[in-house]
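A quick write-up on the structure given underneath.
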Amino acid sequence: MSFETISERGLVILGCGRMGGAILEGLLKGGLPANAVWVIDPNPSGWLTGTGVHLNTELPAEPAVVLLAVKPQMMADALPQLQAMAGGDTLFVTVAAGITMEGYERMLGGETRLVRAMPNTPAAIGRGVTAIVGNPKAMTGDLDTAEALMSAVGQVVRLENEGQMDAVIGVSGSGPAYVFHLIEVMAAAGEAEGLAPELALQLAKATVAGAGALAEQSDETPSKLRENVTSPGGTTAAALEVLMDPQTGMPPLMRRAVAANIARNRELGK
Ligand SMILES: NC(=O)C1=CN([C@@H]2O[C@H](COP(=O)(O)OP(=O)(O)OC[C@H]3O[C@@H](n4cnc5c(N)ncnc54)[C@H](OP(=O)(O)O)[C@@H]3O)[C@@H](O)[C@H]2O)C=CC1
Ligand SMILES: O=C(O)[C@@H]1CCC=N1
């Protein structure tokens, strides 16, 4: 099934908030006609209403793809209305954290063709990264379709098995929040050392954005790029001694943060 098939048979989006909205925006910019999209959302935004998609109306009987983008806690209440589309020619793609393939198969039936996809919020500017994995009923073509769908908002990687999804959520799904927090705490440290708040924020944002772009574009590893900043016996080395401390620095802190993320993800799936 190709992107063209989605245009012909339709895409249903359940929940069009931050993530569903970002994906829809990318798809529309990528050329998907608005009249090929049906959205179910109780409180559509002004932007959504203005897109020209079918909004909270009767759905096609067998759309090419159903994209599930409600909160995991809403899924059990919201899914039954789509039950009739499961088990046939419709591919279900879900971006929800927590809920496993087994959970969806319990709610929709074991014959459902399903792809779990985990994007992140830079999708809003076409710079997301999405990991995808299919259930046994999903065919190779279904993964191609999911990849085409999610490519509208950035890079797509394929996982070997669903077990890897927890770590993906812990690293890239939630990861933008960690980076935004890094910006916040760098700016706060600058402020504490006497910089004006706006200047501290500008420096922190430009540093994170520039370093991220350099890490992505350079042939050097992040470790080498870090070393390039670090003059022996200099100022960076003094800071890194604090940040890289194996007991109190970022390595154990990030391990704990990702472990907490994964534990919560597993709770949400219950
Ligand atoms: N935000 C992120 O960084 C990421 C989120 N995800 C996943 O994406 C999913 C959505 O998250 P996010 O976009 O942040 O959340 P949002 O709350 O922004 O979006 C969810 C949308 O679903 C709507 N909604 C609520 N109940 C129903 C219903 N019964 N039927 C249809 N629509 C409904 C909400 O409306 P209302 O607001 O009025 O309740 C809202 O517009 C989650 O499952 C999350 O795990 C995945 C990767 C990253
Ligand atoms: O916080 C959450 O649960 C969602 C999943 C990944 C990012 N946001």
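All residue names refer to the structure tokens as shown: chains lettered A, B, ... in order, residues numbered from 1 in each chain, ligands numbered from 1 in order.
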
So that each row is one residue of chain A with an atom at most 9 Å from ligand 2, can you give its shortest atom pair and the distance in Å to one decimal, using only C-alpha atoms and all ligand atoms, rows by chain and rising number, as JSON lines?
```
{"residue": "A:Met19", "atom": "CA", "partner": "ligand 2", "partner_atom_place_in_ligand_line": "8 (N)", "distance": 8.9}
{"residue": "A:Lys71", "atom": "CA", "partner": "ligand 2", "partner_atom_place_in_ligand_line": "3 (O)", "distance": 7.8}
{"residue": "A:Pro72", "atom": "CA", "partner": "ligand 2", "partner_atom_place_in_ligand_line": "3 (O)", "distance": 8.0}
{"residue": "A:Val95", "atom": "CA", "partner": "ligand 2", "partner_atom_place_in_ligand_line": "5 (C)", "distance": 8.3}
{"residue": "A:Ala96", "atom": "CA", "partner": "ligand 2", "partner_atom_place_in_ligand_line": "5 (C)", "distance": 6.7}
{"residue": "A:Ala97", "atom": "CA", "partner": "ligand 2", "partner_atom_place_in_ligand_line": "5 (C)", "distance": 5.0}
{"residue": "A:Gly98", "atom": "CA", "partner": "ligand 2", "partner_atom_place_in_ligand_line": "3 (O)", "distance": 7.8}
{"residue": "A:Met118", "atom": "CA", "partner": "ligand 2", "partner_atom_place_in_ligand_line": "6 (C)", "distance": 7.4}
{"residue": "A:Pro119", "atom": "CA", "partner": "ligand 2", "partner_atom_place_in_ligand_line": "6 (C)", "distance": 7.7}
{"residue": "A:Asn120", "atom": "CA", "partner": "ligand 2", "partner_atom_place_in_ligand_line": "7 (C)", "distance": 6.4}
{"residue": "A:Thr121", "atom": "CA", "partner": "ligand 2", "partner_atom_place_in_ligand_line": "7 (C)", "distance": 7.8}
{"residue": "A:Ile169", "atom": "CA", "partner": "ligand 2", "partner_atom_place_in_ligand_line": "6 (C)", "distance": 5.6}
{"residue": "A:Gly170", "atom": "CA", "partner": "ligand 2", "partner_atom_place_in_ligand_line": "6 (C)", "distance": 7.7}
{"residue": "A:Ser172", "atom": "CA", "partner": "ligand 2", "partner_atom_place_in_ligand_line": "6 (C)", "distance": 8.0}
{"residue": "A:Gly173", "atom": "CA", "partner": "ligand 2", "partner_atom_place_in_ligand_line": "6 (C)", "distance": 4.3}
{"residue": "A:Ser174", "atom": "CA", "partner": "ligand 2", "partner_atom_place_in_ligand_line": "7 (C)", "distance": 4.1}
{"residue": "A:Gly175", "atom": "CA", "partner": "ligand 2", "partner_atom_place_in_ligand_line": "7 (C)", "distance": 7.7}
{"residue": "A:Pro176", "atom": "CA", "partner": "ligand 2", "partner_atom_place_in_ligand_line": "7 (C)", "distance": 8.3}
{"residue": "A:Ala177", "atom": "CA", "partner": "ligand 2", "partner_atom_place_in_ligand_line": "7 (C)", "distance": 8.1}
{"residue": "A:Asn261", "atom": "CA", "partner": "ligand 2", "partner_atom_place_in_ligand_line": "3 (O)", "distance": 8.4}
{"residue": "A:Arg264", "atom": "CA", "partner": "ligand 2", "partner_atom_place_in_ligand_line": "3 (O)", "distance": 8.3}
{"residue": "A:Asn265", "atom": "CA", "partner": "ligand 2", "partner_atom_place_in_ligand_line": "3 (O)", "distance": 7.2}
{"residue": "A:Leu268", "atom": "CA", "partner": "ligand 2", "partner_atom_place_in_ligand_line": "3 (O)", "distance": 8.5}
```

inquiry  = Residues of region 9-119 of chain A classed as helix (DSSP H, G or I) by DSSP on the backbone are to be reported as a ChimeraX atom specification.
reply    = /A:9,18-29,34-36,46-50,72-85,101-108

request  = Can you work out which one of A:Gly50, A:Gly233, A:Gly110, A:Gly128 has the shortest atom-to-atom distance to ligand 1, counting only C-alpha atoms and all ligand atoms?
outcome  = A:Gly128

task = Compile the contact shell of Gly269 (chain A) as a VMD selection string: residues with an atom at most 12 Å away, counting only C-alpha atoms, same-chain residues fewer than 6 positions apart removed.
result = chain A and resid 71 to 76 96 to 104 166 262 to 263

ask   = Near Lys224 (chain A), within 12 Å and counting only C-alpha atoms, which residues show up once chain neighbours fewer than 6 positions away are dropped, as a PyMOL selection string?
value = chain A and resi 214-215+218+230

Since we have the selection now, will you write its residues out, keeping C-alpha atoms, as a compact mmCIF listing (two decimals), in the first residue's frame?
```txt
# COMPACT_ATOMS: atom_id res chain seq x y z
CA LEU A 214 26.98 20.08 14.25
CA ALA A 215 26.54 16.61 15.79
CA SER A 218 29.72 16.31 11.21
CA THR A 230 37.90 20.65 25.64
```

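Our summary of the geometry notes that atom 14 (O, counted along the ligand's line) of ligand 1 is positioned 4.9 Å from CA of Arg18 (chain A).
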
key: DSSP strand (DSSP E or B) selection over region 111-228 of chain A, as a PyMOL selection string   = chain A and resi 113-118+128-134+154-158

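Across the model, the gap from CA of Leu159 (chain A) to atom 21 (C, counted along the ligand's line) of ligand 1 is 25.8 Å.
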
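Distances to ligand 1 were evaluated for A:Ala124, A:Gly10, A:Arg106, A:Ala84 using only C-alpha atoms and all ligand atoms, and the minimum falls at A:Ala124.
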
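Close contacts of region 57-60 of chain A, defined as residues with an atom at most 12 Å away when counting only C-alpha atoms, with chain neighbours fewer than 2 positions off set aside, comprise Glu8, Arg9, Gly10, Leu11, Val12, Ile13, Leu14, Asn35, Ala36, Val37, Trp38, Val39, Ile40, Asp41, Pro42, Val53, His54, Leu55, Glu62, Pro63, Ala64, Val65, Val66, Gln81, Leu82, Ala84, Met85 and Thr90 of chain A.
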
Please produce a file of the residues just selected, as an mmCIF file, in the first residue's frame, where the atoms kept are N, CA and C atoms.
```cif
data_model
loop_
_atom_site.group_PDB
_atom_site.id
_atom_site.type_symbol
_atom_site.label_atom_id
_atom_site.label_comp_id
_atom_site.auth_asym_id
_atom_site.auth_seq_id
_atom_site.Cartn_x
_atom_site.Cartn_y
_atom_site.Cartn_z
ATOM 1 N N GLU A 8 -6.320 7.795 -2.074
ATOM 2 C CA GLU A 8 -7.533 7.241 -2.702
ATOM 3 C C GLU A 8 -8.533 6.722 -1.676
ATOM 4 N N ARG A 9 -8.032 5.977 -0.677
ATOM 5 C CA ARG A 9 -8.967 5.290 0.243
ATOM 6 C C ARG A 9 -9.179 6.020 1.549
ATOM 7 N N GLY A 10 -8.301 6.960 1.835
ATOM 8 C CA GLY A 10 -8.522 7.812 2.995
ATOM 9 C C GLY A 10 -7.700 7.457 4.219
ATOM 10 N N LEU A 11 -7.529 8.489 5.053
ATOM 11 C CA LEU A 11 -6.818 8.377 6.330
ATOM 12 C C LEU A 11 -7.761 8.879 7.410
ATOM 13 N N VAL A 12 -7.937 8.065 8.458
ATOM 14 C CA VAL A 12 -8.734 8.492 9.614
ATOM 15 C C VAL A 12 -7.764 8.789 10.752
ATOM 16 N N ILE A 13 -7.884 9.960 11.374
ATOM 17 C CA ILE A 13 -7.023 10.308 12.510
ATOM 18 C C ILE A 13 -7.881 10.405 13.760
ATOM 19 N N LEU A 14 -7.565 9.575 14.743
ATOM 20 C CA LEU A 14 -8.277 9.610 16.029
ATOM 21 C C LEU A 14 -7.444 10.423 17.008
ATOM 22 N N ASN A 35 -9.266 16.442 1.548
ATOM 23 C CA ASN A 35 -10.511 15.665 1.503
ATOM 24 C C ASN A 35 -10.283 14.147 1.574
ATOM 25 N N ALA A 36 -9.000 13.754 1.704
ATOM 26 C CA ALA A 36 -8.696 12.327 1.922
ATOM 27 C C ALA A 36 -8.544 12.024 3.411
ATOM 28 N N VAL A 37 -8.785 13.028 4.265
ATOM 29 C CA VAL A 37 -8.535 12.857 5.702
ATOM 30 C C VAL A 37 -9.816 13.058 6.509
ATOM 31 N N TRP A 38 -10.087 12.116 7.423
ATOM 32 C CA TRP A 38 -11.207 12.203 8.358
ATOM 33 C C TRP A 38 -10.627 12.287 9.768
ATOM 34 N N VAL A 39 -10.993 13.340 10.508
ATOM 35 C CA VAL A 39 -10.455 13.501 11.861
ATOM 36 C C VAL A 39 -11.574 13.375 12.886
ATOM 37 N N ILE A 40 -11.279 12.618 13.948
ATOM 38 C CA ILE A 40 -12.195 12.547 15.094
ATOM 39 C C ILE A 40 -11.486 13.239 16.258
ATOM 40 N N ASP A 41 -12.048 14.342 16.726
ATOM 41 C CA ASP A 41 -11.464 15.060 17.872
ATOM 42 C C ASP A 41 -12.577 15.908 18.484
ATOM 43 N N PRO A 42 -12.772 15.800 19.809
ATOM 44 C CA PRO A 42 -13.923 16.484 20.422
ATOM 45 C C PRO A 42 -13.826 18.004 20.391
ATOM 46 N N VAL A 53 -10.241 19.301 6.214
ATOM 47 C CA VAL A 53 -10.416 17.847 6.384
ATOM 48 C C VAL A 53 -11.845 17.571 6.847
ATOM 49 N N HIS A 54 -12.307 16.325 6.690
ATOM 50 C CA HIS A 54 -13.624 15.940 7.220
ATOM 51 C C HIS A 54 -13.494 15.873 8.742
ATOM 52 N N LEU A 55 -14.329 16.611 9.434
ATOM 53 C CA LEU A 55 -14.165 16.739 10.881
ATOM 54 C C LEU A 55 -15.380 16.198 11.615
ATOM 55 N N GLU A 62 -13.769 1.553 4.939
ATOM 56 C CA GLU A 62 -12.487 0.842 4.929
ATOM 57 C C GLU A 62 -11.344 1.772 4.481
ATOM 58 N N PRO A 63 -10.963 2.722 5.341
ATOM 59 C CA PRO A 63 -9.873 3.637 4.964
ATOM 60 C C PRO A 63 -8.571 2.867 4.815
ATOM 61 N N ALA A 64 -7.602 3.468 4.094
ATOM 62 C CA ALA A 64 -6.297 2.818 3.954
ATOM 63 C C ALA A 64 -5.617 2.723 5.311
ATOM 64 N N VAL A 65 -5.673 3.827 6.063
ATOM 65 C CA VAL A 65 -4.954 3.880 7.340
ATOM 66 C C VAL A 65 -5.807 4.576 8.395
ATOM 67 N N VAL A 66 -5.753 4.038 9.609
ATOM 68 C CA VAL A 66 -6.274 4.737 10.788
ATOM 69 C C VAL A 66 -5.069 5.105 11.646
ATOM 70 N N GLN A 81 -15.334 2.782 18.483
ATOM 71 C CA GLN A 81 -15.993 3.344 17.297
ATOM 72 C C GLN A 81 -15.276 2.954 15.995
ATOM 73 N N LEU A 82 -14.012 2.466 16.108
ATOM 74 C CA LEU A 82 -13.249 2.099 14.908
ATOM 75 C C LEU A 82 -13.141 0.586 14.733
ATOM 76 N N ALA A 84 -15.031 -1.713 13.670
ATOM 77 C CA ALA A 84 -15.480 -2.341 12.424
ATOM 78 C C ALA A 84 -14.414 -2.277 11.329
ATOM 79 N N MET A 85 -13.457 -1.355 11.462
ATOM 80 C CA MET A 85 -12.410 -1.226 10.422
ATOM 81 C C MET A 85 -11.262 -2.209 10.647
ATOM 82 N N THR A 90 -7.657 -2.377 6.354
ATOM 83 C CA THR A 90 -7.214 -1.102 6.950
ATOM 84 C C THR A 90 -6.011 -1.339 7.856
#
```

note = Between A:Ala69, A:Val171, A:Leu199, A:Leu24, smallest distance to ligand 1 by only C-alpha atoms and all ligand atoms belongs to A:Ala69

Near Leu32 (chain A), within 7 Å and counting only C-alpha atoms, which residues show up once chain neighbours fewer than 3 positions away are dropped, as a tab-separated table (two decimals) with N, CA and C atoms, in the first residue's frame?
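Final file, part-v5.tsv:
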```tsv
chain	number	residue	atom	x	y	z
A	7	SER	N	-4.28	8.47	-0.32
A	7	SER	CA	-5.06	9.54	-0.95
A	7	SER	C	-6.38	8.99	-1.49
A	27	LEU	N	1.64	15.94	6.49
A	27	LEU	CA	1.04	15.22	5.36
A	27	LEU	C	0.40	16.18	4.37
A	28	LEU	N	-0.31	17.18	4.89
A	28	LEU	CA	-0.96	18.14	4.00
A	28	LEU	C	0.10	18.93	3.22
```

key: Polymer residues at most 8 Å from Ile23 (chain A), only C-alpha atoms, same-chain spacing of 6 or more positions, as a count of residues only   = 5

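Coordinates place CA of Lys29 (chain A) at a distance of 27.4 Å from CA of Val208 (chain A).
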
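With distances restricted to only C-alpha atoms and all ligand atoms, A:Ser45 is the closest residue to ligand 1 from A:Leu91, A:Pro246, A:Ser45, A:Glu25.
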